[in-house]
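Undergrad: My structure is stored as run-v5.txt, with compact mmCIF, C-alpha atoms and all ligand atoms.
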# COMPACT_ATOMS: atom_id res chain seq x y z
CA MET A 1 118.95 -15.73 -154.53
CA PRO A 2 115.45 -16.51 -153.22
CA GLN A 3 114.88 -15.25 -149.69
CA THR A 4 114.58 -18.13 -147.19
CA THR A 5 114.35 -16.22 -143.92
CA ASN A 6 111.52 -14.01 -142.72
CA PRO A 7 112.12 -10.35 -143.44
CA THR A 8 111.65 -8.07 -140.45
CA SER A 9 108.20 -6.55 -140.03
CA ASN A 10 107.03 -4.22 -142.79
CA THR A 11 104.29 -2.72 -140.59
CA GLU A 12 104.60 0.99 -139.93
CA ASN A 13 103.32 2.55 -136.74
CA LYS A 14 102.19 5.95 -137.95
CA LYS A 15 99.11 7.22 -136.07
CA GLU A 16 96.21 8.10 -138.38
CA GLN A 17 92.66 9.43 -138.27
CA VAL A 18 90.34 6.61 -139.31
CA ALA A 19 86.59 6.03 -139.39
CA VAL A 20 84.52 2.90 -138.77
CA LEU A 21 80.87 2.81 -139.89
CA GLY A 22 78.52 0.35 -138.18
CA GLY A 23 78.32 -0.32 -134.46
CA GLY A 24 77.76 -4.09 -134.56
CA SER A 25 80.13 -6.91 -133.67
CA PHE A 26 82.55 -6.48 -136.53
CA GLY A 27 82.65 -2.69 -136.50
CA THR A 28 83.46 -2.94 -132.80
CA ALA A 29 86.18 -5.55 -133.35
CA ILE A 30 87.93 -3.52 -136.06
CA THR A 31 87.61 -0.35 -133.97
CA LYS A 32 89.38 -2.17 -131.14
CA VAL A 33 92.26 -3.29 -133.38
CA LEU A 34 92.68 0.22 -134.82
CA ALA A 35 92.50 1.95 -131.42
CA GLU A 36 95.00 -0.48 -129.90
CA LYS A 37 97.39 0.43 -132.70
CA GLY A 38 97.17 4.03 -131.53
CA HIS A 39 94.97 5.47 -134.27
CA THR A 40 92.18 7.94 -133.57
CA VAL A 41 88.99 6.04 -134.43
CA HIS A 42 85.86 8.01 -135.32
CA PHE A 43 83.13 5.41 -134.82
CA TRP A 44 79.70 5.92 -136.41
CA MET A 45 76.77 4.12 -134.83
CA ARG A 46 73.11 4.84 -135.52
CA SER A 47 72.08 4.25 -131.90
CA ALA A 48 72.50 7.25 -129.60
CA GLU A 49 72.30 4.94 -126.56
CA GLN A 50 75.22 2.88 -127.84
CA VAL A 51 77.24 6.03 -128.50
CA GLN A 52 76.58 7.22 -124.96
CA GLU A 53 77.51 3.86 -123.45
CA LEU A 54 80.74 3.65 -125.43
CA ALA A 55 81.69 7.23 -124.57
CA GLU A 56 80.96 6.80 -120.85
CA LYS A 57 81.98 3.20 -120.16
CA GLY A 58 84.11 2.10 -123.13
CA THR A 59 81.73 -0.80 -123.85
CA ASN A 60 79.26 -1.95 -126.52
CA SER A 61 77.25 -4.38 -124.41
CA ARG A 62 74.59 -5.08 -127.07
CA TYR A 63 77.08 -6.52 -129.57
CA MET A 64 80.26 -7.23 -127.58
CA PRO A 65 79.29 -7.94 -123.99
CA GLY A 66 82.17 -8.06 -121.52
CA VAL A 67 84.67 -6.40 -123.86
CA GLN A 68 86.46 -3.22 -122.76
CA LEU A 69 87.54 -0.82 -125.49
CA THR A 70 90.50 1.44 -124.86
CA GLY A 71 92.38 4.10 -126.80
CA ASP A 72 91.29 7.18 -128.68
CA ILE A 73 87.79 6.10 -129.79
CA ARG A 74 85.28 8.83 -130.65
CA PRO A 75 81.79 7.37 -131.02
CA SER A 76 79.18 9.52 -132.73
CA THR A 77 75.84 9.47 -134.54
CA ASP A 78 77.06 12.37 -136.74
CA PHE A 79 78.07 10.65 -139.98
CA SER A 80 79.53 13.73 -141.60
CA ALA A 81 81.78 14.54 -138.63
CA VAL A 82 82.99 10.92 -138.44
CA VAL A 83 83.96 10.65 -142.10
CA LYS A 84 85.20 14.20 -142.67
CA ASN A 85 88.75 13.98 -141.34
CA ALA A 86 89.39 10.28 -141.83
CA ASP A 87 92.25 9.12 -144.05
CA ALA A 88 90.55 5.72 -144.34
CA VAL A 89 86.98 4.58 -143.73
CA PHE A 90 86.00 0.98 -142.84
CA VAL A 91 82.37 0.04 -143.54
CA ALA A 92 80.75 -2.72 -141.43
CA ILE A 93 77.09 -2.19 -142.34
CA PRO A 94 75.01 -5.30 -143.20
CA SER A 95 74.46 -5.73 -146.94
CA LYS A 96 70.72 -4.99 -146.73
CA ALA A 97 71.39 -1.43 -145.48
CA PHE A 98 74.78 -0.81 -147.13
CA ARG A 99 73.73 1.15 -150.23
CA ASN A 100 71.17 3.31 -148.45
CA VAL A 101 73.65 4.39 -145.80
CA ILE A 102 76.40 5.20 -148.34
CA ARG A 103 74.03 6.92 -150.77
CA GLU A 104 72.45 9.07 -148.09
CA HIS A 105 75.88 10.33 -147.02
CA ALA A 106 77.75 10.19 -150.35
CA SER A 107 78.67 13.88 -150.30
CA ASP A 108 80.53 13.45 -146.97
CA PHE A 109 83.28 11.35 -148.57
CA HIS A 110 86.18 13.21 -150.13
CA ASP A 111 88.20 12.67 -153.31
CA GLY A 112 90.83 9.96 -152.99
CA GLN A 113 89.64 8.86 -149.53
CA ILE A 114 90.26 5.17 -148.87
CA VAL A 115 86.99 3.28 -148.30
CA ILE A 116 87.14 -0.40 -147.33
CA SER A 117 84.13 -2.72 -147.19
CA LEU A 118 84.12 -5.28 -144.36
CA THR A 119 80.67 -6.57 -145.33
CA LYS A 120 80.22 -10.17 -146.50
CA GLY A 121 76.99 -10.03 -148.45
CA ILE A 122 75.33 -9.31 -151.80
CA GLU A 123 72.69 -6.75 -152.78
CA ARG A 124 69.46 -8.23 -154.13
CA ASP A 125 68.91 -5.77 -157.01
CA GLY A 126 71.39 -6.59 -159.73
CA PHE A 127 73.44 -9.04 -157.63
CA LYS A 128 75.87 -6.27 -156.64
CA LEU A 129 78.80 -6.74 -154.29
CA MET A 130 79.64 -3.99 -151.79
CA SER A 131 82.68 -2.77 -153.75
CA GLU A 132 80.40 -2.28 -156.76
CA ILE A 133 77.98 -0.28 -154.63
CA LEU A 134 80.87 1.89 -153.41
CA GLN A 135 82.05 2.34 -157.00
CA GLU A 136 78.57 3.44 -158.06
CA GLU A 137 77.78 5.68 -155.10
CA ILE A 138 81.19 7.23 -154.29
CA PRO A 139 83.39 6.74 -157.39
CA ARG A 140 85.79 9.52 -156.32
CA THR A 141 87.12 7.37 -153.48
CA ARG A 142 89.74 4.60 -153.52
CA ILE A 143 87.99 1.30 -152.82
CA GLY A 144 89.05 -1.99 -151.25
CA VAL A 145 87.56 -4.98 -149.45
CA LEU A 146 88.76 -6.81 -146.36
CA SER A 147 87.84 -10.47 -145.84
CA GLY A 148 89.23 -13.57 -144.17
CA PRO A 149 88.82 -15.90 -141.18
CA ASN A 150 87.81 -13.11 -138.83
CA LEU A 151 85.33 -14.09 -136.14
CA ALA A 152 84.75 -10.82 -134.29
CA GLY A 153 84.47 -12.54 -130.91
CA GLU A 154 88.01 -13.90 -131.27
CA ILE A 155 89.55 -10.69 -132.60
CA VAL A 156 88.38 -8.73 -129.55
CA GLN A 157 90.15 -11.33 -127.37
CA ARG A 158 93.34 -10.68 -129.37
CA ASP A 159 93.35 -14.29 -130.59
CA LEU A 160 95.70 -14.69 -133.55
CA THR A 161 94.37 -14.46 -137.08
CA ALA A 162 94.92 -12.95 -140.51
CA THR A 163 92.87 -11.32 -143.21
CA VAL A 164 93.10 -10.16 -146.84
CA ILE A 165 92.98 -6.63 -148.21
CA ALA A 166 91.97 -6.64 -151.87
CA ALA A 167 92.41 -3.43 -153.84
CA LYS A 168 93.66 -2.44 -157.27
CA ASP A 169 95.67 0.48 -155.89
CA PRO A 170 98.90 -0.71 -154.18
CA ASP A 171 98.86 2.33 -151.91
CA VAL A 172 95.45 1.26 -150.57
CA ARG A 173 96.78 -2.24 -149.85
CA ARG A 174 99.89 -0.91 -148.10
CA THR A 175 97.91 1.65 -146.10
CA VAL A 176 95.46 -0.94 -144.79
CA GLN A 177 98.29 -3.33 -143.92
CA ASN A 178 99.92 -0.56 -141.91
CA LEU A 179 96.70 0.58 -140.26
CA LEU A 180 95.63 -2.86 -139.03
CA GLY A 181 98.65 -5.18 -138.97
CA CYS A 182 99.74 -6.00 -135.41
CA GLU A 183 100.94 -8.87 -133.23
CA TYR A 184 97.59 -10.69 -133.39
CA PHE A 185 96.22 -9.54 -136.75
CA ARG A 186 98.08 -10.03 -140.04
CA VAL A 187 96.93 -8.48 -143.31
CA TYR A 188 97.78 -10.21 -146.61
CA ALA A 189 97.22 -8.57 -150.00
CA ASN A 190 95.32 -9.50 -153.16
CA VAL A 191 94.18 -7.64 -156.28
CA ASP A 192 91.16 -9.84 -157.04
CA ILE A 193 88.52 -7.69 -155.34
CA TYR A 194 85.62 -9.60 -156.84
CA GLY A 195 87.01 -13.01 -155.83
CA VAL A 196 87.84 -12.00 -152.26
CA GLU A 197 84.46 -10.39 -151.79
CA LEU A 198 82.50 -13.26 -153.36
CA ALA A 199 84.40 -15.79 -151.24
CA GLY A 200 83.41 -13.92 -148.06
CA ALA A 201 79.75 -13.85 -149.06
CA LEU A 202 79.49 -17.40 -150.43
CA LYS A 203 81.13 -19.18 -147.50
CA ASN A 204 78.20 -18.15 -145.27
CA ILE A 205 75.96 -20.52 -147.25
CA TYR A 206 78.23 -23.49 -146.58
CA ALA A 207 78.53 -22.52 -142.91
CA ILE A 208 74.76 -22.97 -142.62
CA VAL A 209 75.08 -26.39 -144.30
CA ALA A 210 77.95 -27.34 -141.96
CA GLY A 211 75.97 -26.24 -138.89
CA MET A 212 73.14 -28.48 -140.01
CA ALA A 213 75.52 -31.42 -140.56
CA SER A 214 76.93 -30.87 -137.08
CA ALA A 215 73.44 -30.87 -135.51
CA LEU A 216 72.68 -34.14 -137.29
CA GLU A 217 76.02 -35.63 -136.15
CA LEU A 218 76.88 -36.75 -139.67
CA GLY A 219 80.51 -37.37 -138.71
CA GLU A 220 83.95 -35.89 -139.31
CA ASN A 221 84.32 -37.34 -142.82
CA ALA A 222 81.02 -35.77 -143.83
CA LYS A 223 82.17 -32.42 -142.45
CA SER A 224 85.33 -32.57 -144.55
CA MET A 225 83.38 -33.63 -147.65
CA LEU A 226 80.96 -30.72 -147.25
CA ILE A 227 83.71 -28.14 -146.80
CA THR A 228 85.64 -29.42 -149.81
CA ARG A 229 82.63 -29.74 -152.09
CA GLY A 230 81.50 -26.32 -150.85
CA LEU A 231 84.85 -24.96 -151.97
CA ALA A 232 84.45 -26.62 -155.38
CA GLU A 233 80.97 -25.17 -155.74
CA MET A 234 81.78 -21.63 -154.61
CA SER A 235 84.87 -21.41 -156.80
CA ARG A 236 82.92 -22.79 -159.81
CA PHE A 237 80.33 -20.07 -159.28
CA ALA A 238 82.83 -17.26 -158.73
CA VAL A 239 85.00 -18.21 -161.70
CA SER A 240 81.99 -18.23 -164.00
CA LEU A 241 81.36 -14.66 -162.83
CA GLY A 242 84.94 -13.56 -163.53
CA ALA A 243 86.83 -14.16 -160.26
CA ASN A 244 90.28 -15.76 -160.14
CA PRO A 245 90.08 -19.40 -158.94
CA MET A 246 93.41 -19.07 -157.10
CA THR A 247 91.84 -16.56 -154.71
CA PHE A 248 89.90 -19.48 -153.24
CA MET A 249 93.19 -21.11 -152.18
CA GLY A 250 93.88 -18.17 -149.87
CA LEU A 251 92.68 -16.87 -146.52
CA ALA A 252 89.56 -15.25 -147.96
CA GLY A 253 88.61 -18.57 -149.59
CA VAL A 254 89.69 -21.76 -147.81
CA GLY A 255 90.63 -19.80 -144.67
CA ASP A 256 87.24 -18.23 -144.08
CA LEU A 257 85.33 -21.29 -145.29
CA VAL A 258 87.09 -23.54 -142.76
CA VAL A 259 86.54 -21.28 -139.77
CA THR A 260 82.87 -20.61 -140.42
CA CYS A 261 82.11 -24.25 -141.26
CA THR A 262 83.78 -25.58 -138.11
CA SER A 263 82.98 -23.04 -135.41
CA SER A 264 79.82 -22.52 -133.39
CA LYS A 265 81.05 -18.93 -132.95
CA SER A 266 79.88 -18.33 -136.54
CA ARG A 267 76.35 -16.93 -136.63
CA ASN A 268 75.65 -18.65 -139.96
CA PHE A 269 76.81 -21.99 -138.53
CA ARG A 270 74.54 -21.43 -135.52
CA VAL A 271 71.49 -20.80 -137.70
CA GLY A 272 72.18 -24.06 -139.59
CA TYR A 273 72.69 -25.91 -136.31
CA ALA A 274 69.37 -24.68 -134.92
CA VAL A 275 67.48 -25.67 -138.09
CA GLY A 276 69.25 -29.05 -138.03
CA LYS A 277 67.91 -29.51 -134.49
CA GLY A 278 64.39 -28.81 -135.71
CA ALA A 279 63.94 -25.04 -135.25
CA GLN A 280 62.08 -22.92 -137.81
CA LEU A 281 64.37 -20.58 -139.77
CA GLU A 282 62.64 -17.40 -138.48
CA ASP A 283 63.00 -18.57 -134.88
CA ALA A 284 66.68 -19.43 -135.39
CA VAL A 285 67.37 -15.96 -136.85
CA ALA A 286 65.36 -14.18 -134.13
CA GLU A 287 67.21 -16.12 -131.43
CA LEU A 288 70.56 -15.03 -132.96
CA GLY A 289 69.77 -11.30 -132.65
CA GLN A 290 72.59 -10.49 -135.10
CA VAL A 291 73.01 -10.63 -138.85
CA ALA A 292 73.48 -14.00 -140.61
CA GLU A 293 74.16 -12.86 -144.17
CA GLY A 294 74.04 -16.40 -145.59
CA ILE A 295 70.25 -16.53 -145.29
CA TYR A 296 69.88 -13.78 -147.92
CA THR A 297 72.95 -14.73 -149.96
CA LEU A 298 71.51 -18.23 -150.42
CA GLN A 299 68.38 -16.89 -152.16
CA LEU A 300 70.36 -14.61 -154.47
CA VAL A 301 72.97 -17.22 -155.38
CA LYS A 302 70.34 -19.87 -156.05
CA GLU A 303 68.55 -17.52 -158.49
CA LYS A 304 71.79 -16.39 -160.13
CA ALA A 305 73.10 -19.96 -160.51
CA GLU A 306 69.86 -21.05 -162.15
CA ASP A 307 69.85 -18.05 -164.52
CA ALA A 308 73.49 -18.66 -165.48
CA GLY A 309 73.22 -22.47 -165.60
CA ILE A 310 75.83 -23.07 -162.89
CA TYR A 311 75.63 -26.44 -161.14
CA MET A 312 75.33 -25.82 -157.37
CA PRO A 313 73.78 -28.85 -155.67
CA LEU A 314 74.53 -27.74 -152.09
CA VAL A 315 72.98 -24.32 -152.68
CA ARG A 316 69.94 -25.91 -154.28
CA GLY A 317 69.60 -28.48 -151.49
CA LEU A 318 69.89 -25.91 -148.71
CA TYR A 319 67.39 -23.65 -150.47
CA GLU A 320 64.89 -26.52 -150.72
CA ILE A 321 65.27 -27.19 -146.99
CA LEU A 322 65.08 -23.57 -145.79
CA TYR A 323 62.54 -22.18 -148.25
CA GLY A 324 60.92 -25.15 -150.00
CA GLY A 325 59.87 -27.30 -147.05
CA ALA A 326 62.01 -30.28 -148.16
CA SER A 327 63.12 -32.76 -145.52
CA ILE A 328 66.81 -32.65 -144.65
CA LYS A 329 67.03 -36.43 -144.97
CA ALA A 330 65.59 -36.45 -148.51
CA VAL A 331 67.97 -33.69 -149.62
CA ILE A 332 71.00 -35.49 -148.20
CA ASN A 333 69.93 -38.68 -149.94
CA GLY A 334 69.50 -36.83 -153.24
CA LEU A 335 72.98 -35.30 -152.93
CA MET A 336 74.63 -38.62 -152.09
CA MET A 337 72.98 -40.42 -155.00
CA ALA A 338 73.70 -37.73 -157.62
CA VAL A 339 76.05 -38.47 -160.55
CA GLN A 340 79.62 -39.08 -159.30
CA ASN A 341 81.86 -36.60 -161.02
CA SER A 342 85.25 -34.87 -161.18
CA ASP A 343 87.03 -33.99 -157.90
CA VAL A 344 88.97 -30.93 -159.10
CA GLU A 345 87.29 -29.69 -162.24
CA PHE A 346 90.14 -27.29 -163.07
CA ILE A 347 92.19 -30.50 -163.72
CA LEU A 348 89.50 -32.91 -164.95
CA PRO A 349 86.46 -31.15 -166.43
CA ARG A 350 83.11 -32.14 -165.03
CA THR A 351 81.05 -34.39 -167.34
CA LEU A 352 77.72 -32.77 -168.00
CA THR A 353 75.55 -35.86 -167.95
CA TYR A 354 72.80 -34.37 -165.77
N1 LIG B 1 80.84 -10.44 -136.79
C1 LIG B 1 81.81 -11.02 -137.46
O1 LIG B 1 82.49 -11.93 -136.94
C2 LIG B 1 82.12 -10.54 -138.85
C3 LIG B 1 83.39 -10.78 -139.36
C4 LIG B 1 83.70 -10.36 -140.65
C5 LIG B 1 82.72 -9.71 -141.40
N2 LIG B 1 81.50 -9.51 -140.88
C6 LIG B 1 80.51 -8.82 -141.72
O2 LIG B 1 80.31 -7.51 -141.22
C7 LIG B 1 79.00 -7.07 -141.59
C8 LIG B 1 78.34 -6.48 -140.36
O3 LIG B 1 78.14 -7.55 -139.48
P1 LIG B 1 78.21 -7.49 -137.90
O4 LIG B 1 78.78 -8.76 -137.46
O5 LIG B 1 78.85 -6.24 -137.42
O6 LIG B 1 76.63 -7.48 -137.63
P2 LIG B 1 75.86 -7.27 -136.27
O7 LIG B 1 74.56 -7.96 -136.45
O8 LIG B 1 76.72 -7.61 -135.14
O9 LIG B 1 75.61 -5.68 -136.26
C9 LIG B 1 74.96 -5.02 -137.29
C10 LIG B 1 75.17 -3.53 -137.11
O10 LIG B 1 74.66 -2.86 -138.26
C11 LIG B 1 73.84 -1.80 -137.82
N3 LIG B 1 72.83 -1.52 -138.81
C12 LIG B 1 71.87 -2.32 -139.29
N4 LIG B 1 71.09 -1.66 -140.16
C13 LIG B 1 71.58 -0.39 -140.22
C14 LIG B 1 71.22 0.78 -140.92
N5 LIG B 1 70.17 0.80 -141.74
N6 LIG B 1 71.94 1.89 -140.72
C15 LIG B 1 72.99 1.90 -139.90
N7 LIG B 1 73.39 0.83 -139.18
C16 LIG B 1 72.69 -0.30 -139.36
C17 LIG B 1 73.23 -2.30 -136.52
O11 LIG B 1 72.73 -1.21 -135.76
C18 LIG B 1 74.44 -2.97 -135.91
O12 LIG B 1 75.22 -2.00 -135.27
C19 LIG B 1 78.27 -8.31 -142.14
O13 LIG B 1 78.22 -8.25 -143.54
C20 LIG B 1 79.14 -9.47 -141.71
O14 LIG B 1 79.09 -10.56 -142.61
C21 LIG B 1 81.17 -9.89 -139.62
O1 LIG B 2 79.47 -15.07 -137.68
P1 LIG B 2 79.43 -15.19 -139.18
O2 LIG B 2 78.88 -16.50 -139.63
O3 LIG B 2 78.79 -14.00 -139.82
O4 LIG B 2 80.96 -15.21 -139.67
C1 LIG B 2 81.80 -14.20 -139.25
C2 LIG B 2 83.00 -14.02 -140.18
O5 LIG B 2 82.58 -13.86 -141.50
C3 LIG B 2 84.02 -15.11 -140.06
O6 LIG B 2 85.14 -14.79 -140.83
Can you dump the structure from the file as structure tokens?
TA:
Amino acid sequence: MPQTTNPTSNTENKKEQVAVLGGGSFGTAITKVLAEKGHTVHFWMRSAEQVQELAEKGTNSRYMPGVQLTGDIRPSTDFSAVVKNADAVFVAIPSKAFRNVIREHASDFHDGQIVISLTKGIERDGFKLMSEILQEEIPRTRIGVLSGPNLAGEIVQRDLTATVIAAKDPDVRRTVQNLLGCEYFRVYANVDIYGVELAGALKNIYAIVAGMASALELGENAKSMLITRGLAEMSRFAVSLGANPMTFMGLAGVGDLVVTCTSSKSRNFRVGYAVGKGAQLEDAVAELGQVAEGIYTLQLVKEKAEDAGIYMPLVRGLYEILYGGASIKAVINGLMMAVQNSDVEFILPRTLTY
């Protein structure tokens, strides 16, 4: 008989030793969730001042102003000490620095250790995702990625959300569900690491587009059209690179795309909004003071799509605006007047008449 009622919680409450690498907004948010679940969190930050502030006051005012962290949190600049005794390691280092940090400290990780990337970006050289970097630099570990509609500023307020752990090893998936799952944070599972990770990186591009549309007050219908065509475009791209299209139906796909394209709490959305209001890209990024991965992902995806012959009109249009000096109005007009084609190309193939 199919089960029609909710089973009781499958979350265990065993206390573990865990490590978080990266003292920015998301590293801080995940540290808070883990510490509130009772785990001992060894928290690596590169800034000695931030370590001191967290140790003395329980705050990270540079990245999470006004948020009090409680529980057994052990901040440190000593990478080796942080990683040494951890059963699982969560990595929240921006994509630009990710490989260097892992490579420099590769010998600190131990065989079979669980290492989970929280980073939503792509490496320029070779178009590598963070799980691929982990595989190359620390192949003795067990690798996974975590991605979903997870605005750090909401998680630290204990606002309800969910995420996805993608890993090949079922023990890694179960362990991460147990480590993080709680009354405000649910963890769903997937095996499509590449799809989950690509979805998290690609949605940042469309969040910039959506921020721009919001600044220009294009309307609610336009917002919906952009999100849906963004989904079509990102899944077309990911599938051509080997991801499973169904992943884009889940929290790491639609879920994350919707939140970042509709919320001014998203840094990528905010950059798009500022440019839509007339700011220069460099000024918008400087004003943000935090990472907006979509700026870099856009360049890499545009190049990759052109090399592979993948049709990505929103990516191309945004690139022309941000890096080619095109007017937003001309790009919108070009997009609206392009060949009208299939809605869902997995049902009705696109006609290649352009
Ligand atoms: N903030 C969110 O809501 C959120 C949610 C999910 C995923 N993410 C992803 O998490 C990753 C990290 O983003 P964030 O929001 O924490 O960024 P952030 O801008 O808030 O912080 C970046 C952190 O990285 C550190 N850092 C930068 N270069 C470093 C280096 N060379 N060595 C060591 N540390 C370095 C900075 O000191 C800072 O602590 C990004 O890929 C982002 O897409 C963020
Ligand atoms: O603030 P952003 O735009 O980096 O988005 C944060 C998270 O990825 C939302 O899930």
Undergrad: Rank A:Val331, A:Leu134, A:Ala29, A:Met312 by their smallest atom-to-atom distance to Pro65 (chain A), using only C-alpha atoms, and report the top residue only.
TA: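 Among the listed residues, A:Ala29 lies closest to Pro65 (chain A).
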Undergrad: Suppose you want the space between CA of Thr262 (chain A) and CA of Glu233 (chain A); what is it in Å?
TA: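 So the answer is 17.9 Å.
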Undergrad: Please give the centre and size of the box around ligand LIG 1 (chain B) (axis-aligned, containing every atom listed in the file, 8 Å added per side), with values in Å to one decimal and written as JSON.
TA:
{"center_x": 76.9, "center_y": -5.0, "center_z": -139.3, "size_x": 29.5, "size_y": 29.8, "size_z": 24.4}
Undergrad: Point out the residue among A:Glu345, A:Asp256, A:Glu56, A:Asp108 with the least atom-to-atom distance to Leu202 (chain A), counting all atoms listed in the file.
TA: A:Asp256
Undergrad: Which residues are near ligand LIG 1 (chain B) - at most 9 Å, using only C-alpha atoms and all ligand atoms? Format: as a count of residues only.
TA: 56
Undergrad: How far is it from CA of Gly230 (chain A) to CA of Val315 (chain A), in Å with one decimal?
TA: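 Calculated distance between CA of Gly230 (chain A) and CA of Val315 (chain A) is 8.9 Å.
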Undergrad: So how far away is CA of Ala189 (chain A) from CA of Ile165 (chain A), in Å?
TA: 5.0 Å
Undergrad: For Ile114 (chain A), find every residue with an atom within 10 Å (counting only C-alpha atoms), except residues of its own chain fewer than 5 positions away, and show them as an mmCIF file with C-alpha atoms, in the frame of the given file.
TA:
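As a result, result16.cif now contains:
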data_model
loop_
_atom_site.group_PDB
_atom_site.id
_atom_site.type_symbol
_atom_site.label_atom_id
_atom_site.label_comp_id
_atom_site.auth_asym_id
_atom_site.auth_seq_id
_atom_site.Cartn_x
_atom_site.Cartn_y
_atom_site.Cartn_z
ATOM 1 C CA VAL A 18 90.340 6.610 -139.310
ATOM 2 C CA ALA A 86 89.390 10.280 -141.830
ATOM 3 C CA ASP A 87 92.250 9.120 -144.050
ATOM 4 C CA ALA A 88 90.550 5.720 -144.340
ATOM 5 C CA VAL A 89 86.980 4.580 -143.730
ATOM 6 C CA PHE A 90 86.000 0.980 -142.840
ATOM 7 C CA PHE A 109 83.280 11.350 -148.570
ATOM 8 C CA ARG A 140 85.790 9.520 -156.320
ATOM 9 C CA THR A 141 87.120 7.370 -153.480
ATOM 10 C CA ARG A 142 89.740 4.600 -153.520
ATOM 11 C CA ILE A 143 87.990 1.300 -152.820
ATOM 12 C CA GLY A 144 89.050 -1.990 -151.250
ATOM 13 C CA ASP A 171 98.860 2.330 -151.910
ATOM 14 C CA VAL A 172 95.450 1.260 -150.570
ATOM 15 C CA ARG A 173 96.780 -2.240 -149.850
ATOM 16 C CA THR A 175 97.910 1.650 -146.100
ATOM 17 C CA VAL A 176 95.460 -0.940 -144.790
#
Undergrad: Leaving out Thr351 (chain A) and any residue of its chain fewer than 5 positions from it, which residues lie within 12 Å of it when counting all atoms listed in the file, given as a ChimeraX atom specification?
TA: /A:311,339-345
Undergrad: May I ask which of the residues A:Ala210, A:Leu218, A:Val156, A:Met130 is the closest one to Ile193 (chain A), counting only C-alpha atoms?
TA: A:Met130
Undergrad: Using only C-alpha atoms and all ligand atoms, which of A:Ile310, A:Ile205, A:Leu318, A:Ile332 sits nearest ligand LIG 2 (chain B)?
TA: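 Under the stated criterion, the closest residue is A:Ile205.
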Undergrad: Kindly indicate which residue among A:Val20, A:Ala48, A:Leu298, A:Ile116 lies nearest to Tyr323 (chain A), using all atoms listed in the file for the distances.
TA: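 Selected residue with least distance to Tyr323 (chain A): A:Leu298.
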Undergrad: Determine, counting all atoms listed in the file, every residue of protein, DNA or RNA that lies within 12 Å of (92.4, -15.2, -154.0) in the file coordinates, then give the result as number ranges by chain.
TA: A: 146-148, 163-167, 188-200, 235, 238-239, 243-256
Undergrad: Using only C-alpha atoms and all ligand atoms, find the one residue out of A:Ala19, A:Met225, A:Ile295, A:Leu180 that sits nearest to ligand LIG 2 (chain B).
TA: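 Smallest separation from ligand LIG 2 (chain B) among the options: A:Ile295.
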Undergrad: If we count all atoms listed in the file, what is near Asp307 (chain A) at a cut-off of 12 Å, once residues fewer than 6 positions away on the same chain are taken out, given as an MDAnalysis selection string?
TA: chainID A and resid 127 237 300:301
Undergrad: Could I see region 30-41 of chain A restored to N, CA and C atoms, set down as a compact mmCIF listing (two decimals), in the coordinates of the input?
TA:
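Just written: out09.txt:
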# COMPACT_ATOMS: atom_id res chain seq x y z
N ILE A 30 86.93 -4.24 -135.26
CA ILE A 30 87.93 -3.52 -136.06
C ILE A 30 88.30 -2.20 -135.38
N THR A 31 87.32 -1.57 -134.74
CA THR A 31 87.61 -0.35 -133.97
C THR A 31 88.64 -0.65 -132.89
N LYS A 32 88.46 -1.79 -132.23
CA LYS A 32 89.38 -2.17 -131.14
C LYS A 32 90.80 -2.37 -131.67
N VAL A 33 90.92 -3.08 -132.80
CA VAL A 33 92.26 -3.29 -133.38
C VAL A 33 92.90 -1.94 -133.72
N LEU A 34 92.14 -1.08 -134.38
CA LEU A 34 92.68 0.22 -134.82
C LEU A 34 93.07 1.09 -133.62
N ALA A 35 92.22 1.10 -132.60
CA ALA A 35 92.50 1.95 -131.42
C ALA A 35 93.72 1.42 -130.66
N GLU A 36 93.85 0.09 -130.60
CA GLU A 36 95.00 -0.48 -129.90
C GLU A 36 96.30 -0.21 -130.64
N LYS A 37 96.18 0.06 -131.94
CA LYS A 37 97.39 0.43 -132.70
C LYS A 37 97.71 1.91 -132.54
N GLY A 38 96.87 2.62 -131.82
CA GLY A 38 97.17 4.03 -131.53
C GLY A 38 96.49 5.03 -132.45
N HIS A 39 95.66 4.54 -133.37
CA HIS A 39 94.97 5.47 -134.27
C HIS A 39 93.79 6.14 -133.55
N THR A 40 93.41 7.30 -134.04
CA THR A 40 92.18 7.94 -133.57
C THR A 40 91.04 7.37 -134.39
N VAL A 41 90.07 6.72 -133.71
CA VAL A 41 88.99 6.04 -134.43
C VAL A 41 87.67 6.79 -134.24
